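Working notes for the structure below.
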Amino acid sequence: MSKSTQKQLATNRVCVHESAHMHVSGEAVYVDDIPELAGTLHCALGLSAEAHANINAIDLEAVRAVPGVIAVFTAADIPGVNDCGPINHDDPILADSLVQYTGQPLFAVVATSHDIARFAATQATVDYSPLPAALDPLEACKAGSLVVPPMQLQQGDAEKQLHSARHRMQGQFSVGGQEQFYLEGQISYVIPVEDQRFHAYCSTQHPSEMQQLISHALDIDANRVTVEIRRMGGGFGGKESQSALFVCVAAVCANALKRPVKLRLDRDDDFLITGKRHDFYYDYDVGFDENGVIQAARIEMVSRAGFSTDLSPPVAARAACHFDNAYYLSDVDIKVLCAKTNTQSNTAFRGFGGPQGAIAIEYIIDDIARTLGCDALEVRKANFYGIDERNVTPYDQPVEDNVIVELVEQLQASSEYQQRLNKIREYNQNSEILKKGIALTPLKFGISFNMVHFNQAGALVHVYLDGTVLVNHGGTEMGQGLNTKVAQVVAKELGVNIKFVSATATRTDKVANTSATAASTGADLNGKAAQNAAQKIKQRLTEFAAAHYRVNAQDIVFENGQVIFGATTIAFAELILKAYAARIQLWSDGFYATPKLQWDSAVLKGRPFFYFAYGASVSEVQIDTLTGEWKLLRADLLHDAGNSINPAIDIGQVEGAFIQGMGWLTTEELWWNDKGRLMTHAPSTYKIPAINDCPDDFRVALFKNRNHEDSIMRSKAVGEPPLLLSFSVFFAIRDAIASVAGYKVNPPLNAPASCEEILNAVNATRSGA
């Protein structure tokens with residue numbers, strides 16, 4: 001590593017999150033903190049009490065009679081298109097004649113206060129004619145109820161190789177969905193300005209899509225709508241498309257009343273209305289040899305799409321493309337079906353189908369190892385992608401940057417995996433009630449949107465006369481540190497201290513036609529766009545300085561807030577004043593489009609990803625075989641963030657993703673009753689991990705691996721990939737359960753591995769011994 005690189009890394013490590021001081025002081029402004037304009041009204045939604053029914057009539061007189069109610073709006077009051085679906089037009093803003101899930105918005109109440117609006121929304125009388133409700137995804141598939149046609153990814157001849165394999169095994173299992181549980185709920189504040197123009201403050205990951213949907217709902221041009229977001233209090237995918245309904249409702253109300261309207265959801269309503277991570281159901285058939293090397297695999301994955309399409313198709317495609325995880329699969333047949341059910345329309349969630357696809361192959365390998373009487377880690381190693389051979393994915397993309405072997409070897413040594421495994425086996429022989437388990441699981445995660453045209457970004461960089469810099473880009477800040485990283489990129493390009501670089505709110509009237517901040521591409525895309533803008537300014541300044549001081553352009557260096565050429569050093573701000581006087585443009589736009597991508601969605605083949613991120617984790621757990629209770633004792637994480645732009649932020653992302661993934665696979669259970677009502681719709685019934693669920697011994701490190709592709713500063717995305725590190729927790733629990741039958745029975749454990757699920761698996765494993 002060069003001295004300059006070491007210096008840059010040292011600088012990065014002391015660069016705190018740009019909003020950290022405001023987060024801890026409470027001064028960070030979120031949408032609900034924006035001072036309300038005079039005349040601001042508040043909106044609440046009336047929700048369906050039926051999962052599937054025709055609406056015969058809605059009596060809203062009692063709603064209108066509540067003191068403080070200003071107006072009530074239904075689907076008939078939407079002047080434009082009553083739809084907010086991101087792909088297919090099957091997602092009404094307000095239900096019209098048909099309701100398709102319990103909690104679907106039917107009407108909007110606007111009142112002088114939030115509390116009055118919420119109360120009034122409960123006073124409507126709705127006459128329904130109930131229809132049969134599809135609540136089970138597997139039953140929906142059997143009935144042919146799908147939101148899109150099935151997807152299939154095939155490579156080689158799976159059927160032939162299954163028949164010729166020395167060993168063959170079939171099985172089924174499932175993983176549950178997951179609520180995003182962002183700390184800041186869904187909220188929009190829409191202000192009419194002038195000449196039928198609107199300014200919408202919306203907690204969203206996709207301002208440009210919100211702009212388009214508002215324009216469609218109001219039947220006005222997009223250039224009359226500005227959407228702005230300074231920061232979100234978390235998103236996790238739940239504010240990519242799902243924020244649309246709320247901002248559209250607020251816009252419709254603001255348009256009709258010519259007054260500002262705020263719509264802020266209560267947590268219960270947020271749960272009941274919005275979509276979650278897709279739960280998946282698997283049916284697999286795998287062939288393998290005596291060493292556990294997979295010869296062929298056939299799998300059918302069924303996801304719960306919910307009542308509408310939303311983002312289910314790309315989630316399904318990404319699940320198919322991550323079934324391989326870190327393993328070479330020569331002959332596969334992967335089929336994914338998106339079941340249409342009368343439940344909330346499921347949507348994006350950190351990983352976007354990748355975790356659901358990858359956990360399937362990990363479950364299969366776990367089964368193979370136990371069937372053969374081997375350590376699962378050895379079977380995993382036997383199936384890893386190679387370097388010069390066995391290095392092409394089922395979707396035909398070569399794996400060109402494979403570091404999984406050395407990464408796993410480093411973690412295996414640093415975590416003392418083998419020594420701990422031996423001690424755990426000895427412990428379990430002498431402990432009848434409490435059992436321990438351990439697992440090491442790897443990950444390989446593709447980075448880019450599957451839709452090629454989404455892989456683009458724009459930015460603006462302004463340099464002011466005092467030498468300070470402002471950057472605006474199309475990405476959205478949701479706590480992940482995107483603005484900090486983009487500011488670091490600009491500071492590095494211009495050679496100034498980051499304290500002189502400020503990132504401002506994302507607005508559709510500054511950078512247009514932006515992609516969602518999703519798919520872990522925020523820093524990759526927007527960092528590159530901002531870098532491009534800064535480079536243009538730097539080039540102009542270099543050319544000016546070369547001419548003005550009569551020096552060679554290649555001898556001019558920008559660093560530490562100074563401009564250096566030969567023996568001369570001037571302050572960056574001094575050069576800016578001279579350039580301004582010479583009428584040199586001191587602002588620029590920037591643009592970036594990810595190279596090398598191509599994708600055929602019909603056959604799921606091509607190069608959907610610019611590069612891969614890697615990682616591995618070791619988890620050690622203890623379970624109580626009498627109660628199903630469990631505890632994570634220790635976790636060792638090693639993650640590939642490339643040449644990290646900001647290691648402190650990246651380590652925080654790795655830690656958070658791991659704990660969030662652990663919640664998905666263990667404690668967070670979504671449960672609907674037989675009427676289709678979601679019963680786990682508040683913190684009292686839906687359990688995200690708390691501080692006591694974190695391991696007492698938590699070791700996190702970044703793997704040193706400069707990105708081989710020309711990513712921003714040769715870093716790698718770190719938003720979604722580390723969520724897969726949580727797999728080791730689930731498989732450590734499974735390992736502990738297997739000990740009750742001498743590790744000879746594959747525990748029938750589904751996720752989430754709740755205490756009840758663990759206890760059932762313990763009893764079933766004992767019975768199968």
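If you're wondering about the labels, chains in the structure tokens are A, B, ... by order shown, residues count from 1 in each chain, ligands from 1 in order shown.
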Give the alpha helix (DSSP H) residues of region 655-739 of chain A, as assigned by DSSP on the backbone, as a PDB file with all heavy atoms, in the first residue's frame.
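And here's selection.pdb as it stands now:
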```
ATOM      1  N   GLU A 655     -22.297  -4.412  11.072  1.00  0.00           N
ATOM      2  CA  GLU A 655     -22.895  -4.791  12.356  1.00  0.00           C
ATOM      3  C   GLU A 655     -24.425  -4.728  12.289  1.00  0.00           C
ATOM      4  O   GLU A 655     -25.121  -5.649  12.714  1.00  0.00           O
ATOM      5  CB  GLU A 655     -22.383  -3.865  13.458  1.00  0.00           C
ATOM      6  CG  GLU A 655     -20.917  -4.029  13.792  1.00  0.00           C
ATOM      7  CD  GLU A 655     -20.391  -2.955  14.725  1.00  0.00           C
ATOM      8  OE1 GLU A 655     -21.050  -1.890  14.842  1.00  0.00           O
ATOM      9  OE2 GLU A 655     -19.335  -3.178  15.332  1.00  0.00           O
ATOM     10  N   GLY A 656     -24.930  -3.612  11.744  1.00  0.00           N
ATOM     11  CA  GLY A 656     -26.381  -3.439  11.678  1.00  0.00           C
ATOM     12  C   GLY A 656     -27.052  -4.455  10.787  1.00  0.00           C
ATOM     13  O   GLY A 656     -28.125  -4.984  11.125  1.00  0.00           O
ATOM     14  N   ALA A 657     -26.445  -4.747   9.639  1.00  0.00           N
ATOM     15  CA  ALA A 657     -27.024  -5.724   8.715  1.00  0.00           C
ATOM     16  C   ALA A 657     -27.069  -7.107   9.347  1.00  0.00           C
ATOM     17  O   ALA A 657     -28.044  -7.848   9.199  1.00  0.00           O
ATOM     18  CB  ALA A 657     -26.210  -5.758   7.421  1.00  0.00           C
ATOM     19  N   PHE A 658     -26.001  -7.457  10.056  1.00  0.00           N
ATOM     20  CA  PHE A 658     -25.945  -8.772  10.711  1.00  0.00           C
ATOM     21  C   PHE A 658     -27.072  -8.912  11.735  1.00  0.00           C
ATOM     22  O   PHE A 658     -27.793  -9.917  11.756  1.00  0.00           O
ATOM     23  CB  PHE A 658     -24.585  -8.952  11.381  1.00  0.00           C
ATOM     24  CG  PHE A 658     -24.456 -10.221  12.187  1.00  0.00           C
ATOM     25  CD1 PHE A 658     -24.183 -11.426  11.570  1.00  0.00           C
ATOM     26  CD2 PHE A 658     -24.596 -10.198  13.567  1.00  0.00           C
ATOM     27  CE1 PHE A 658     -24.055 -12.595  12.302  1.00  0.00           C
ATOM     28  CE2 PHE A 658     -24.469 -11.359  14.318  1.00  0.00           C
ATOM     29  CZ  PHE A 658     -24.201 -12.560  13.684  1.00  0.00           C
ATOM     30  N   ILE A 659     -27.241  -7.910  12.576  1.00  0.00           N
ATOM     31  CA  ILE A 659     -28.282  -7.982  13.605  1.00  0.00           C
ATOM     32  C   ILE A 659     -29.668  -7.956  12.976  1.00  0.00           C
ATOM     33  O   ILE A 659     -30.583  -8.679  13.413  1.00  0.00           O
ATOM     34  CB  ILE A 659     -28.120  -6.842  14.623  1.00  0.00           C
ATOM     35  CG1 ILE A 659     -26.784  -6.978  15.374  1.00  0.00           C
ATOM     36  CG2 ILE A 659     -29.280  -6.816  15.608  1.00  0.00           C
ATOM     37  CD1 ILE A 659     -26.638  -8.262  16.173  1.00  0.00           C
ATOM     38  N   GLN A 660     -29.846  -7.154  11.940  1.00  0.00           N
ATOM     39  CA  GLN A 660     -31.147  -7.116  11.269  1.00  0.00           C
ATOM     40  C   GLN A 660     -31.458  -8.466  10.622  1.00  0.00           C
ATOM     41  O   GLN A 660     -32.594  -8.959  10.697  1.00  0.00           O
ATOM     42  CB  GLN A 660     -31.166  -6.011  10.209  1.00  0.00           C
ATOM     43  CG  GLN A 660     -32.544  -5.770   9.602  1.00  0.00           C
ATOM     44  CD  GLN A 660     -32.555  -4.550   8.696  1.00  0.00           C
ATOM     45  OE1 GLN A 660     -31.773  -4.461   7.755  1.00  0.00           O
ATOM     46  NE2 GLN A 660     -33.446  -3.615   8.979  1.00  0.00           N
ATOM     47  N   GLY A 661     -30.450  -9.067   9.991  1.00  0.00           N
ATOM     48  CA  GLY A 661     -30.648 -10.389   9.401  1.00  0.00           C
ATOM     49  C   GLY A 661     -30.923 -11.445  10.450  1.00  0.00           C
ATOM     50  O   GLY A 661     -31.748 -12.350  10.245  1.00  0.00           O
ATOM     51  N   MET A 662     -30.257 -11.340  11.573  1.00  0.00           N
ATOM     52  CA  MET A 662     -30.508 -12.268  12.679  1.00  0.00           C
ATOM     53  C   MET A 662     -31.960 -12.171  13.142  1.00  0.00           C
ATOM     54  O   MET A 662     -32.612 -13.189  13.429  1.00  0.00           O
ATOM     55  CB  MET A 662     -29.557 -11.951  13.833  1.00  0.00           C
ATOM     56  CG  MET A 662     -29.689 -12.879  15.013  1.00  0.00           C
ATOM     57  SD  MET A 662     -28.586 -12.421  16.376  1.00  0.00           S
ATOM     58  CE  MET A 662     -29.479 -11.026  17.093  1.00  0.00           C
ATOM     59  N   GLY A 663     -32.481 -10.949  13.199  1.00  0.00           N
ATOM     60  CA  GLY A 663     -33.882 -10.778  13.575  1.00  0.00           C
ATOM     61  C   GLY A 663     -34.808 -11.462  12.591  1.00  0.00           C
ATOM     62  O   GLY A 663     -35.782 -12.133  12.983  1.00  0.00           O
ATOM     63  N   TRP A 664     -34.531 -11.287  11.290  1.00  0.00           N
ATOM     64  CA  TRP A 664     -35.344 -11.929  10.249  1.00  0.00           C
ATOM     65  C   TRP A 664     -35.386 -13.445  10.447  1.00  0.00           C
ATOM     66  O   TRP A 664     -36.447 -14.068  10.307  1.00  0.00           O
ATOM     67  CB  TRP A 664     -34.763 -11.573   8.875  1.00  0.00           C
ATOM     68  CG  TRP A 664     -35.265 -12.384   7.730  1.00  0.00           C
ATOM     69  CD1 TRP A 664     -36.569 -12.665   7.410  1.00  0.00           C
ATOM     70  CD2 TRP A 664     -34.479 -13.020   6.716  1.00  0.00           C
ATOM     71  NE1 TRP A 664     -36.633 -13.433   6.274  1.00  0.00           N
ATOM     72  CE2 TRP A 664     -35.372 -13.664   5.827  1.00  0.00           C
ATOM     73  CE3 TRP A 664     -33.111 -13.097   6.475  1.00  0.00           C
ATOM     74  CZ2 TRP A 664     -34.927 -14.387   4.707  1.00  0.00           C
ATOM     75  CZ3 TRP A 664     -32.661 -13.799   5.365  1.00  0.00           C
ATOM     76  CH2 TRP A 664     -33.565 -14.445   4.495  1.00  0.00           C
ATOM     77  N   LEU A 665     -34.255 -14.034  10.772  1.00  0.00           N
ATOM     78  CA  LEU A 665     -34.149 -15.490  10.821  1.00  0.00           C
ATOM     79  C   LEU A 665     -34.494 -16.091  12.178  1.00  0.00           C
ATOM     80  O   LEU A 665     -34.533 -17.330  12.300  1.00  0.00           O
ATOM     81  CB  LEU A 665     -32.726 -15.911  10.433  1.00  0.00           C
ATOM     82  CG  LEU A 665     -32.333 -15.603   8.984  1.00  0.00           C
ATOM     83  CD1 LEU A 665     -30.864 -15.913   8.754  1.00  0.00           C
ATOM     84  CD2 LEU A 665     -33.206 -16.379   8.004  1.00  0.00           C
ATOM     85  N   THR A 666     -34.756 -15.248  13.193  1.00  0.00           N
ATOM     86  CA  THR A 666     -35.004 -15.808  14.522  1.00  0.00           C
ATOM     87  C   THR A 666     -36.239 -15.260  15.226  1.00  0.00           C
ATOM     88  O   THR A 666     -37.143 -16.024  15.567  1.00  0.00           O
ATOM     89  CB  THR A 666     -33.768 -15.604  15.430  1.00  0.00           C
ATOM     90  OG1 THR A 666     -33.472 -14.204  15.533  1.00  0.00           O
ATOM     91  CG2 THR A 666     -32.549 -16.348  14.892  1.00  0.00           C
ATOM     92  N   PHE A 727     -26.696 -15.612   8.308  1.00  0.00           N
ATOM     93  CA  PHE A 727     -27.007 -17.025   8.083  1.00  0.00           C
ATOM     94  C   PHE A 727     -26.337 -17.914   9.128  1.00  0.00           C
ATOM     95  O   PHE A 727     -26.876 -18.956   9.515  1.00  0.00           O
ATOM     96  CB  PHE A 727     -26.530 -17.466   6.694  1.00  0.00           C
ATOM     97  CG  PHE A 727     -27.316 -16.903   5.534  1.00  0.00           C
ATOM     98  CD1 PHE A 727     -26.955 -17.232   4.232  1.00  0.00           C
ATOM     99  CD2 PHE A 727     -28.391 -16.068   5.722  1.00  0.00           C
ATOM    100  CE1 PHE A 727     -27.659 -16.739   3.152  1.00  0.00           C
ATOM    101  CE2 PHE A 727     -29.102 -15.550   4.652  1.00  0.00           C
ATOM    102  CZ  PHE A 727     -28.731 -15.889   3.354  1.00  0.00           C
ATOM    103  N   SER A 728     -25.144 -17.525   9.559  1.00  0.00           N
ATOM    104  CA  SER A 728     -24.403 -18.378  10.490  1.00  0.00           C
ATOM    105  C   SER A 728     -25.149 -18.547  11.810  1.00  0.00           C
ATOM    106  O   SER A 728     -24.996 -19.575  12.484  1.00  0.00           O
ATOM    107  CB  SER A 728     -23.000 -17.830  10.727  1.00  0.00           C
ATOM    108  OG  SER A 728     -23.039 -16.544  11.312  1.00  0.00           O
ATOM    109  N   VAL A 729     -25.953 -17.566  12.203  1.00  0.00           N
ATOM    110  CA  VAL A 729     -26.737 -17.689  13.431  1.00  0.00           C
ATOM    111  C   VAL A 729     -27.766 -18.798  13.270  1.00  0.00           C
ATOM    112  O   VAL A 729     -27.893 -19.690  14.130  1.00  0.00           O
ATOM    113  CB  VAL A 729     -27.435 -16.361  13.784  1.00  0.00           C
ATOM    114  CG1 VAL A 729     -28.305 -16.531  15.032  1.00  0.00           C
ATOM    115  CG2 VAL A 729     -26.422 -15.252  13.991  1.00  0.00           C
ATOM    116  N   PHE A 730     -28.497 -18.769  12.179  1.00  0.00           N
ATOM    117  CA  PHE A 730     -29.537 -19.773  11.929  1.00  0.00           C
ATOM    118  C   PHE A 730     -28.935 -21.176  11.882  1.00  0.00           C
ATOM    119  O   PHE A 730     -29.467 -22.121  12.482  1.00  0.00           O
ATOM    120  CB  PHE A 730     -30.247 -19.447  10.613  1.00  0.00           C
ATOM    121  CG  PHE A 730     -31.326 -20.430  10.239  1.00  0.00           C
ATOM    122  CD1 PHE A 730     -32.590 -20.345  10.792  1.00  0.00           C
ATOM    123  CD2 PHE A 730     -31.069 -21.449   9.329  1.00  0.00           C
ATOM    124  CE1 PHE A 730     -33.585 -21.252  10.440  1.00  0.00           C
ATOM    125  CE2 PHE A 730     -32.048 -22.359   8.969  1.00  0.00           C
ATOM    126  CZ  PHE A 730     -33.315 -22.263   9.535  1.00  0.00           C
ATOM    127  N   PHE A 731     -27.806 -21.316  11.170  1.00  0.00           N
ATOM    128  CA  PHE A 731     -27.233 -22.654  11.020  1.00  0.00           C
ATOM    129  C   PHE A 731     -26.484 -23.099  12.275  1.00  0.00           C
ATOM    130  O   PHE A 731     -26.341 -24.314  12.507  1.00  0.00           O
ATOM    131  CB  PHE A 731     -26.368 -22.712   9.773  1.00  0.00           C
ATOM    132  CG  PHE A 731     -27.192 -22.644   8.521  1.00  0.00           C
ATOM    133  CD1 PHE A 731     -27.231 -21.491   7.751  1.00  0.00           C
ATOM    134  CD2 PHE A 731     -28.000 -23.699   8.149  1.00  0.00           C
ATOM    135  CE1 PHE A 731     -28.030 -21.416   6.620  1.00  0.00           C
ATOM    136  CE2 PHE A 731     -28.815 -23.637   7.027  1.00  0.00           C
ATOM    137  CZ  PHE A 731     -28.829 -22.493   6.253  1.00  0.00           C
ATOM    138  N   ALA A 732     -26.053 -22.169  13.106  1.00  0.00           N
ATOM    139  CA  ALA A 732     -25.510 -22.551  14.413  1.00  0.00           C
ATOM    140  C   ALA A 732     -26.623 -23.093  15.307  1.00  0.00           C
ATOM    141  O   ALA A 732     -26.424 -24.073  16.043  1.00  0.00           O
ATOM    142  CB  ALA A 732     -24.827 -21.355  15.069  1.00  0.00           C
ATOM    143  N   ILE A 733     -27.798 -22.468  15.237  1.00  0.00           N
ATOM    144  CA  ILE A 733     -28.957 -22.984  15.980  1.00  0.00           C
ATOM    145  C   ILE A 733     -29.302 -24.388  15.476  1.00  0.00           C
ATOM    146  O   ILE A 733     -29.552 -25.310  16.271  1.00  0.00           O
ATOM    147  CB  ILE A 733     -30.160 -22.037  15.835  1.00  0.00           C
ATOM    148  CG1 ILE A 733     -29.894 -20.709  16.554  1.00  0.00           C
ATOM    149  CG2 ILE A 733     -31.433 -22.686  16.370  1.00  0.00           C
ATOM    150  CD1 ILE A 733     -30.949 -19.645  16.315  1.00  0.00           C
ATOM    151  N   ARG A 734     -29.286 -24.562  14.183  1.00  0.00           N
ATOM    152  CA  ARG A 734     -29.589 -25.884  13.606  1.00  0.00           C
ATOM    153  C   ARG A 734     -28.547 -26.920  14.039  1.00  0.00           C
ATOM    154  O   ARG A 734     -28.876 -28.080  14.295  1.00  0.00           O
ATOM    155  CB  ARG A 734     -29.640 -25.756  12.085  1.00  0.00           C
ATOM    156  CG  ARG A 734     -30.471 -26.836  11.399  1.00  0.00           C
ATOM    157  CD  ARG A 734     -30.783 -26.491   9.966  1.00  0.00           C
ATOM    158  NE  ARG A 734     -31.633 -27.517   9.380  1.00  0.00           N
ATOM    159  CZ  ARG A 734     -31.313 -28.251   8.317  1.00  0.00           C
ATOM    160  NH1 ARG A 734     -30.155 -28.042   7.713  1.00  0.00           N
ATOM    161  NH2 ARG A 734     -32.127 -29.174   7.869  1.00  0.00           N
ATOM    162  N   ASP A 735     -27.297 -26.486  14.125  1.00  0.00           N
ATOM    163  CA  ASP A 735     -26.227 -27.371  14.577  1.00  0.00           C
ATOM    164  C   ASP A 735     -26.460 -27.792  16.022  1.00  0.00           C
ATOM    165  O   ASP A 735     -26.269 -28.971  16.384  1.00  0.00           O
ATOM    166  CB  ASP A 735     -24.887 -26.659  14.434  1.00  0.00           C
ATOM    167  CG  ASP A 735     -23.709 -27.506  14.864  1.00  0.00           C
ATOM    168  OD1 ASP A 735     -23.484 -28.576  14.257  1.00  0.00           O
ATOM    169  OD2 ASP A 735     -23.011 -27.102  15.817  1.00  0.00           O
ATOM    170  N   ALA A 736     -26.869 -26.856  16.860  1.00  0.00           N
ATOM    171  CA  ALA A 736     -27.143 -27.176  18.264  1.00  0.00           C
ATOM    172  C   ALA A 736     -28.300 -28.158  18.377  1.00  0.00           C
ATOM    173  O   ALA A 736     -28.253 -29.105  19.181  1.00  0.00           O
ATOM    174  CB  ALA A 736     -27.449 -25.898  19.037  1.00  0.00           C
ATOM    175  N   ILE A 737     -29.332 -27.950  17.576  1.00  0.00           N
ATOM    176  CA  ILE A 737     -30.481 -28.866  17.604  1.00  0.00           C
ATOM    177  C   ILE A 737     -30.061 -30.267  17.165  1.00  0.00           C
ATOM    178  O   ILE A 737     -30.468 -31.275  17.755  1.00  0.00           O
ATOM    179  CB  ILE A 737     -31.606 -28.335  16.696  1.00  0.00           C
ATOM    180  CG1 ILE A 737     -32.149 -27.005  17.224  1.00  0.00           C
ATOM    181  CG2 ILE A 737     -32.740 -29.356  16.587  1.00  0.00           C
ATOM    182  CD1 ILE A 737     -33.081 -26.288  16.261  1.00  0.00           C
ATOM    183  N   ALA A 738     -29.225 -30.334  16.126  1.00  0.00           N
ATOM    184  CA  ALA A 738     -28.793 -31.630  15.603  1.00  0.00           C
ATOM    185  C   ALA A 738     -28.056 -32.461  16.643  1.00  0.00           C
ATOM    186  O   ALA A 738     -28.036 -33.694  16.572  1.00  0.00           O
ATOM    187  CB  ALA A 738     -27.911 -31.424  14.369  1.00  0.00           C
TER     188      ALA A 738
END
```
Please list as a VMD selection string every residue within 9 Å of Glu574 (chain A), counting only C-alpha atoms and excluding residues in the same chain fewer than 4 positions away.
chain A and resid 465 to 467 562 570 578 to 579
Take the residues just selected and output them with C-alpha atoms as a compact mmCIF listing (two decimals), in the first residue's frame.
```txt
# COMPACT_ATOMS: atom_id res chain seq x y z
CA LEU A 465 -15.87 32.21 -3.65
CA ASP A 466 -14.64 31.40 -0.14
CA GLY A 467 -13.43 28.01 -1.33
CA GLN A 562 -3.75 24.20 -1.30
CA ILE A 570 -1.41 29.15 -2.93
CA LYS A 578 -8.70 34.43 -9.36
CA ALA A 579 -10.63 31.91 -11.47
```
Smallest atom-to-atom distance to Ala682 (chain A): which of A:Val469, A:Leu272, A:Val126, A:Ala616, using only C-alpha atoms?
A:Leu272
Check region 272-439 of chain A with DSSP on the backbone and list each residue it calls strand (DSSP E), as a ChimeraX atom specification.
/A:280-288,294-306,332-340,434-439
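Residues in contact with Arg766 (chain A) at up to 12 Å, not including ones fewer than 6 positions away on its chain and judged by only C-alpha atoms, are Thr625, Ile737, Ala738, Ser739, Val740, Ala741, Gly742, Tyr743, Lys744, Val745, Asn746, Pro747, Pro748, Leu759 and Asn760 of chain A.
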Keeping only N, CA and C atoms, take the residues you just selected and write them out as a short mmCIF file (atom, residue, chain, number, x, y, z; two decimals), in the first residue's frame.
```cif
data_model
loop_
_atom_site.label_atom_id
_atom_site.label_comp_id
_atom_site.auth_asym_id
_atom_site.auth_seq_id
_atom_site.Cartn_x
_atom_site.Cartn_y
_atom_site.Cartn_z
N THR A 625 -32.99 -26.93 25.36
CA THR A 625 -33.82 -27.93 24.67
C THR A 625 -35.16 -28.16 25.36
N ILE A 737 -29.33 -27.95 17.58
CA ILE A 737 -30.48 -28.87 17.60
C ILE A 737 -30.06 -30.27 17.16
N ALA A 738 -29.22 -30.33 16.13
CA ALA A 738 -28.79 -31.63 15.60
C ALA A 738 -28.06 -32.46 16.64
N SER A 739 -27.46 -31.80 17.63
CA SER A 739 -26.69 -32.52 18.63
C SER A 739 -27.55 -33.45 19.48
N VAL A 740 -28.86 -33.17 19.57
CA VAL A 740 -29.72 -34.03 20.40
C VAL A 740 -29.88 -35.41 19.79
N ALA A 741 -29.54 -35.57 18.51
CA ALA A 741 -29.61 -36.88 17.85
C ALA A 741 -28.25 -37.29 17.32
N GLY A 742 -27.19 -36.81 17.98
CA GLY A 742 -25.84 -37.19 17.58
C GLY A 742 -25.44 -36.70 16.21
N TYR A 743 -26.02 -35.61 15.77
CA TYR A 743 -25.70 -34.99 14.47
C TYR A 743 -26.01 -35.92 13.29
N LYS A 744 -26.96 -36.82 13.48
CA LYS A 744 -27.29 -37.78 12.42
C LYS A 744 -28.63 -37.49 11.75
N VAL A 745 -29.35 -36.51 12.26
CA VAL A 745 -30.66 -36.15 11.72
C VAL A 745 -30.65 -34.68 11.32
N ASN A 746 -31.17 -34.39 10.16
CA ASN A 746 -31.29 -33.00 9.72
C ASN A 746 -32.51 -32.36 10.39
N PRO A 747 -32.31 -31.40 11.28
CA PRO A 747 -33.44 -30.78 11.97
C PRO A 747 -34.38 -30.06 11.01
N PRO A 748 -35.68 -30.30 11.12
CA PRO A 748 -36.65 -29.62 10.25
C PRO A 748 -36.95 -28.22 10.76
N LEU A 759 -38.07 -25.44 19.60
CA LEU A 759 -38.54 -26.55 20.44
C LEU A 759 -39.17 -27.65 19.59
N ASN A 760 -39.96 -27.26 18.61
CA ASN A 760 -40.57 -28.26 17.72
C ASN A 760 -39.50 -29.03 16.96
#
```
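Of the residues under consideration (A:His639, A:His206, A:His21, A:Lys492), A:His639 shows the shortest atom-to-atom contact distance to Arg699 (chain A) when counting only C-alpha atoms.
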Excluding region 78-94 of chain A and residues on its chain fewer than 5 positions from it, collect all residues at most 9 Å away from it, counting only C-alpha atoms, and give them as a VMD selection string.
chain A and resid 73 104 to 108 209 to 210 213 to 220 241 to 242 244 to 246 248 to 249 252 to 253 307 to 311 313 345
Who sits within 12 Å of region 564-566 of chain A, only C-alpha atoms, same chain under 4 positions skipped, as a ChimeraX atom specification:
/A:495,542,545-546,548-560,570-572,575
Just write the chosen residues, C-alpha atoms, as a short mmCIF file (atom, residue, chain, number, x, y, z; two decimals), in the first residue's frame.
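Heads up, here's the output in selection-v3.cif:
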```
data_model
loop_
_atom_site.label_atom_id
_atom_site.label_comp_id
_atom_site.auth_asym_id
_atom_site.auth_seq_id
_atom_site.Cartn_x
_atom_site.Cartn_y
_atom_site.Cartn_z
CA GLY A 495 -7.87 18.42 -2.42
CA THR A 542 -5.87 23.32 -13.60
CA ALA A 545 -3.70 27.96 -13.22
CA ALA A 546 -1.36 26.59 -15.88
CA HIS A 548 -2.14 32.16 -15.39
CA TYR A 549 1.08 31.08 -13.68
CA ARG A 550 2.74 29.77 -16.83
CA VAL A 551 3.42 26.26 -15.51
CA ASN A 552 2.76 22.80 -16.86
CA ALA A 553 -0.68 21.48 -16.03
CA GLN A 554 0.70 18.09 -15.05
CA ASP A 555 2.80 19.72 -12.34
CA ILE A 556 -0.18 21.22 -10.53
CA VAL A 557 -1.30 19.39 -7.38
CA PHE A 558 -4.46 19.97 -5.32
CA GLU A 559 -4.10 18.79 -1.70
CA ASN A 560 -4.70 19.88 1.88
CA ILE A 570 -1.41 29.15 -2.93
CA ALA A 571 -4.60 28.55 -1.00
CA PHE A 572 -7.40 26.78 -2.84
CA LEU A 575 -7.23 30.24 -6.78
#
```
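Proximity of A:Tyr201, A:Tyr282, A:Phe288, A:Phe271 to Met169 (chain A), computed with only C-alpha atoms, is greatest for A:Phe288.
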Give me the residues near Asn646 (chain A) as a ChimeraX atom specification, where near means some atom within 12 Å (using only C-alpha atoms) and where sequence neighbours in that chain fewer than 4 positions away do not count.
/A:8-18,480-489,523,641-642,650-653,702,712-713,715-718
